[in-house]
>>> print(open('protein.cif').read())   # mmCIF, N, CA and C atoms
data_run
loop_
_atom_site.label_atom_id
_atom_site.label_comp_id
_atom_site.auth_asym_id
_atom_site.auth_seq_id
_atom_site.Cartn_x
_atom_site.Cartn_y
_atom_site.Cartn_z
N MET R 1 58.50 147.31 79.32
CA MET R 1 59.82 146.80 79.59
C MET R 1 60.78 147.49 78.62
N LEU R 2 61.76 148.15 79.11
CA LEU R 2 62.75 148.83 78.29
C LEU R 2 63.76 147.82 77.79
N VAL R 3 64.00 147.82 76.50
CA VAL R 3 64.94 146.87 75.93
C VAL R 3 66.24 147.54 75.54
N ARG R 4 66.19 148.73 74.98
CA ARG R 4 67.41 149.31 74.44
C ARG R 4 67.33 150.83 74.51
N ASN R 5 68.39 151.46 74.91
CA ASN R 5 68.51 152.92 74.91
C ASN R 5 69.66 153.33 74.02
N ASP R 6 69.49 154.39 73.29
CA ASP R 6 70.60 155.01 72.59
C ASP R 6 70.22 156.47 72.33
N ILE R 7 71.04 157.18 71.61
CA ILE R 7 70.80 158.60 71.38
C ILE R 7 69.53 158.82 70.56
N LEU R 8 69.29 157.97 69.57
CA LEU R 8 68.16 158.18 68.67
C LEU R 8 66.84 157.70 69.24
N GLY R 9 66.84 156.58 69.87
CA GLY R 9 65.57 156.04 70.34
C GLY R 9 65.77 154.82 71.20
N LYS R 10 64.68 154.31 71.69
CA LYS R 10 64.70 153.09 72.47
C LYS R 10 63.52 152.25 72.03
N GLU R 11 63.65 150.95 72.14
CA GLU R 11 62.57 150.07 71.75
C GLU R 11 61.80 149.65 72.99
N LYS R 12 60.49 149.73 72.89
CA LYS R 12 59.63 149.36 74.00
C LYS R 12 58.82 148.13 73.60
N ILE R 13 58.41 147.37 74.59
CA ILE R 13 57.65 146.15 74.35
C ILE R 13 56.41 146.15 75.23
N LYS R 14 55.26 145.84 74.64
CA LYS R 14 54.03 145.59 75.39
C LYS R 14 53.71 144.11 75.19
N SER R 15 53.76 143.32 76.25
CA SER R 15 53.57 141.87 76.14
C SER R 15 52.12 141.47 76.38
N GLN R 16 51.74 140.36 75.78
CA GLN R 16 50.43 139.77 76.01
C GLN R 16 50.61 138.42 76.68
N LYS R 17 49.50 137.87 77.18
CA LYS R 17 49.54 136.58 77.85
C LYS R 17 49.71 135.45 76.85
N CYS R 18 50.04 134.28 77.36
CA CYS R 18 50.17 133.08 76.54
C CYS R 18 48.82 132.74 75.91
N SER R 19 48.84 132.19 74.70
CA SER R 19 47.61 131.91 73.96
C SER R 19 46.84 130.69 74.48
N THR R 20 47.38 129.98 75.44
CA THR R 20 46.72 128.80 75.97
C THR R 20 46.79 128.81 77.49
N THR R 21 45.95 128.01 78.13
CA THR R 21 45.96 127.95 79.59
C THR R 21 46.79 126.77 80.10
N CYS R 22 47.15 125.85 79.20
CA CYS R 22 48.03 124.75 79.58
C CYS R 22 48.76 124.27 78.33
N GLY R 23 49.90 123.65 78.53
CA GLY R 23 50.68 123.13 77.41
C GLY R 23 51.37 124.23 76.62
N GLN R 24 51.73 123.90 75.38
CA GLN R 24 52.48 124.80 74.50
C GLN R 24 51.57 125.85 73.88
N GLY R 25 52.01 127.08 73.89
CA GLY R 25 51.26 128.17 73.27
C GLY R 25 52.20 129.19 72.68
N VAL R 26 51.64 130.30 72.26
CA VAL R 26 52.41 131.39 71.67
C VAL R 26 51.95 132.68 72.31
N ARG R 27 52.87 133.58 72.52
CA ARG R 27 52.48 134.91 72.98
C ARG R 27 53.01 135.94 72.00
N HIS R 28 52.26 136.99 71.84
CA HIS R 28 52.60 138.05 70.90
C HIS R 28 52.85 139.32 71.69
N ARG R 29 53.63 140.19 71.12
CA ARG R 29 53.86 141.48 71.75
C ARG R 29 54.10 142.53 70.67
N GLU R 30 53.79 143.75 71.04
CA GLU R 30 54.01 144.88 70.16
C GLU R 30 55.40 145.43 70.45
N VAL R 31 56.16 145.69 69.42
CA VAL R 31 57.49 146.27 69.55
C VAL R 31 57.50 147.56 68.75
N PHE R 32 57.89 148.64 69.38
CA PHE R 32 57.94 149.91 68.65
C PHE R 32 59.11 150.75 69.12
N CYS R 33 59.53 151.65 68.28
CA CYS R 33 60.65 152.54 68.56
C CYS R 33 60.11 153.79 69.24
N GLU R 34 60.80 154.25 70.25
CA GLU R 34 60.36 155.39 71.04
C GLU R 34 61.53 156.35 71.24
N ARG R 35 61.22 157.61 71.29
CA ARG R 35 62.25 158.62 71.57
C ARG R 35 61.79 159.42 72.78
N GLY R 36 62.69 159.56 73.74
CA GLY R 36 62.33 160.30 74.95
C GLY R 36 61.27 159.55 75.74
N ARG R 37 60.39 160.32 76.33
CA ARG R 37 59.33 159.71 77.14
C ARG R 37 58.06 159.57 76.34
N ARG R 38 57.77 158.37 75.95
CA ARG R 38 56.52 158.02 75.28
C ARG R 38 56.27 158.76 73.97
N MET R 39 57.31 159.14 73.29
CA MET R 39 57.16 159.74 71.96
C MET R 39 57.56 158.69 70.93
N ARG R 40 56.59 158.24 70.16
CA ARG R 40 56.90 157.26 69.13
C ARG R 40 57.86 157.85 68.12
N ALA R 41 58.76 157.00 67.64
CA ALA R 41 59.73 157.41 66.63
C ALA R 41 59.64 156.41 65.48
N PRO R 42 60.11 156.78 64.31
CA PRO R 42 60.11 155.82 63.20
C PRO R 42 61.00 154.63 63.54
N ASP R 43 60.62 153.46 63.05
CA ASP R 43 61.43 152.27 63.31
C ASP R 43 62.88 152.46 62.86
N SER R 44 63.08 153.27 61.86
CA SER R 44 64.44 153.49 61.34
C SER R 44 65.34 154.20 62.36
N ALA R 45 64.76 154.80 63.40
CA ALA R 45 65.56 155.48 64.42
C ALA R 45 66.20 154.50 65.39
N CYS R 46 65.66 153.30 65.49
CA CYS R 46 66.21 152.27 66.37
C CYS R 46 67.01 151.27 65.53
N ASP R 47 67.98 150.64 66.16
CA ASP R 47 68.85 149.68 65.49
C ASP R 47 68.06 148.43 65.09
N PRO R 48 67.86 148.18 63.79
CA PRO R 48 67.06 147.02 63.37
C PRO R 48 67.70 145.68 63.75
N ALA R 49 69.00 145.63 63.89
CA ALA R 49 69.67 144.38 64.25
C ALA R 49 69.36 143.97 65.69
N ARG R 50 68.92 144.91 66.50
CA ARG R 50 68.64 144.61 67.90
C ARG R 50 67.14 144.61 68.21
N ARG R 51 66.31 144.63 67.15
CA ARG R 51 64.86 144.64 67.35
C ARG R 51 64.42 143.33 68.01
N PRO R 52 63.70 143.39 69.10
CA PRO R 52 63.22 142.18 69.77
C PRO R 52 62.17 141.45 68.93
N ALA R 53 62.04 140.16 69.16
CA ALA R 53 61.04 139.34 68.46
C ALA R 53 59.63 139.77 68.86
N THR R 54 58.68 139.58 67.95
CA THR R 54 57.29 139.93 68.25
C THR R 54 56.49 138.72 68.72
N THR R 55 57.00 137.50 68.53
CA THR R 55 56.33 136.30 69.02
C THR R 55 57.33 135.42 69.75
N ALA R 56 56.82 134.62 70.66
CA ALA R 56 57.66 133.67 71.39
C ALA R 56 56.79 132.50 71.84
N ASN R 57 57.39 131.32 71.91
CA ASN R 57 56.68 130.17 72.45
C ASN R 57 56.58 130.33 73.96
N CYS R 58 55.50 129.83 74.51
CA CYS R 58 55.34 129.83 75.96
C CYS R 58 54.80 128.46 76.36
N TYR R 59 55.14 128.02 77.54
CA TYR R 59 54.66 126.72 78.03
C TYR R 59 54.19 126.91 79.45
N LEU R 60 52.93 126.62 79.66
CA LEU R 60 52.37 126.69 81.01
C LEU R 60 52.33 125.27 81.57
N THR R 61 51.62 125.05 82.61
CA THR R 61 51.55 123.71 83.20
C THR R 61 51.05 122.69 82.19
N ALA R 62 51.40 121.44 82.41
CA ALA R 62 50.96 120.37 81.51
C ALA R 62 49.43 120.29 81.51
N CYS R 63 48.87 119.99 80.35
CA CYS R 63 47.42 119.84 80.24
C CYS R 63 46.99 118.53 80.90
N PRO R 64 45.77 118.49 81.43
CA PRO R 64 45.30 117.25 82.04
C PRO R 64 45.29 116.12 81.00
N ALA R 65 45.69 114.94 81.43
CA ALA R 65 45.70 113.78 80.53
C ALA R 65 44.32 113.14 80.51
N TYR R 66 43.90 112.70 79.34
CA TYR R 66 42.64 111.98 79.20
C TYR R 66 42.93 110.50 79.12
N HIS R 67 42.02 109.68 79.65
CA HIS R 67 42.19 108.23 79.60
C HIS R 67 40.83 107.56 79.60
N TRP R 68 40.81 106.33 79.16
CA TRP R 68 39.57 105.56 79.14
C TRP R 68 39.28 105.04 80.54
N SER R 69 38.01 104.95 80.85
CA SER R 69 37.58 104.40 82.13
C SER R 69 36.44 103.43 81.85
N THR R 70 36.29 102.44 82.69
CA THR R 70 35.24 101.44 82.47
C THR R 70 34.44 101.22 83.74
N THR R 71 33.28 100.61 83.56
CA THR R 71 32.49 100.15 84.69
C THR R 71 32.75 98.66 84.84
N PRO R 72 32.39 98.08 85.97
CA PRO R 72 32.60 96.63 86.12
C PRO R 72 31.75 95.86 85.11
N TRP R 73 32.22 94.66 84.78
CA TRP R 73 31.44 93.80 83.89
C TRP R 73 30.14 93.43 84.57
N SER R 74 29.08 93.38 83.78
CA SER R 74 27.80 92.96 84.34
C SER R 74 27.78 91.43 84.42
N LYS R 75 26.98 90.93 85.35
CA LYS R 75 26.85 89.48 85.49
C LYS R 75 25.91 88.98 84.41
N VAL R 76 26.22 87.83 83.87
CA VAL R 76 25.36 87.23 82.84
C VAL R 76 24.25 86.49 83.56
N SER R 77 23.02 86.74 83.15
CA SER R 77 21.90 86.07 83.82
C SER R 77 21.88 84.59 83.45
N GLU R 78 21.32 83.77 84.32
CA GLU R 78 21.26 82.33 84.08
C GLU R 78 20.40 82.01 82.87
N ALA R 79 19.44 82.85 82.56
CA ALA R 79 18.56 82.60 81.41
C ALA R 79 19.36 82.65 80.11
N VAL R 80 20.36 83.47 80.03
CA VAL R 80 21.17 83.57 78.82
C VAL R 80 22.06 82.34 78.68
N LEU R 81 22.52 81.77 79.79
CA LEU R 81 23.40 80.62 79.75
C LEU R 81 22.69 79.34 79.33
N LYS R 82 21.38 79.27 79.46
CA LYS R 82 20.64 78.03 79.14
C LYS R 82 20.27 77.95 77.71
#
>>> encode(input="protein.cif", output="structure tokens")
Amino acid sequence: MLVRNDILGKEKIKSQKCSTTCGQGVRHREVFCERGRRMRAPDSACDPARRPATTANCYLTACPAYHWSTTPWSKVSEAVLK
């Protein structure tokens, strides 16, 4: 994904997937300065004030909720009641 173009260089981003399959997670990406077509350039060639973030929060679908479940009460035998 191209983020910025100028005479000296452009910043490119390679993104990764979210760190979780549900709920809140984090994703990381590599950000580097490039000149021309796929020629890496020193970071100083790109504007540091416009450098994209390397991490971001991500939120996928809500995680399944857990809850308690019970079986029916057992009947008390007559022998116990006597």
>>> closest_residue(input="protein.cif", among="R:Thr55, R:Thr61, R:Thr71, R:Ser44", to="Arg29 (chain R)", atoms="only C-alpha atoms")
R:Thr55
>>> residues_around(input="protein.cif", residues="region 63-70 of chain R", least_positions_apart="6", cutoff="12 Å", atoms="only C-alpha atoms", output="number ranges by chain")
R: 20-25
>>> resolve_selection(input="protein.cif", expression="the PyMOL selection byres ((chain R and resi 57) around 6.5)", output="count of residues only")
7
>>> closest_residue(input="protein.cif", among="R:Arg35, R:Arg40, R:His28, R:Lys75", to="Ala53 (chain R)", atoms="only N, CA and C atoms")
R:His28
>>> atom_distance(input="protein.cif", atom1="CA of Lys17 (chain R)", atom2="atom C of Pro52 (chain R)")
16.2 Å
>>> atom_distance(input="protein.cif", atom1="CA of Thr54 (chain R)", atom2="CA of Gln16 (chain R)")
10.4 Å
>>> atom_distance(input="protein.cif", atom1="atom N of Cys18 (chain R)", atom2="atom C of Leu60 (chain R)")
10.2 Å
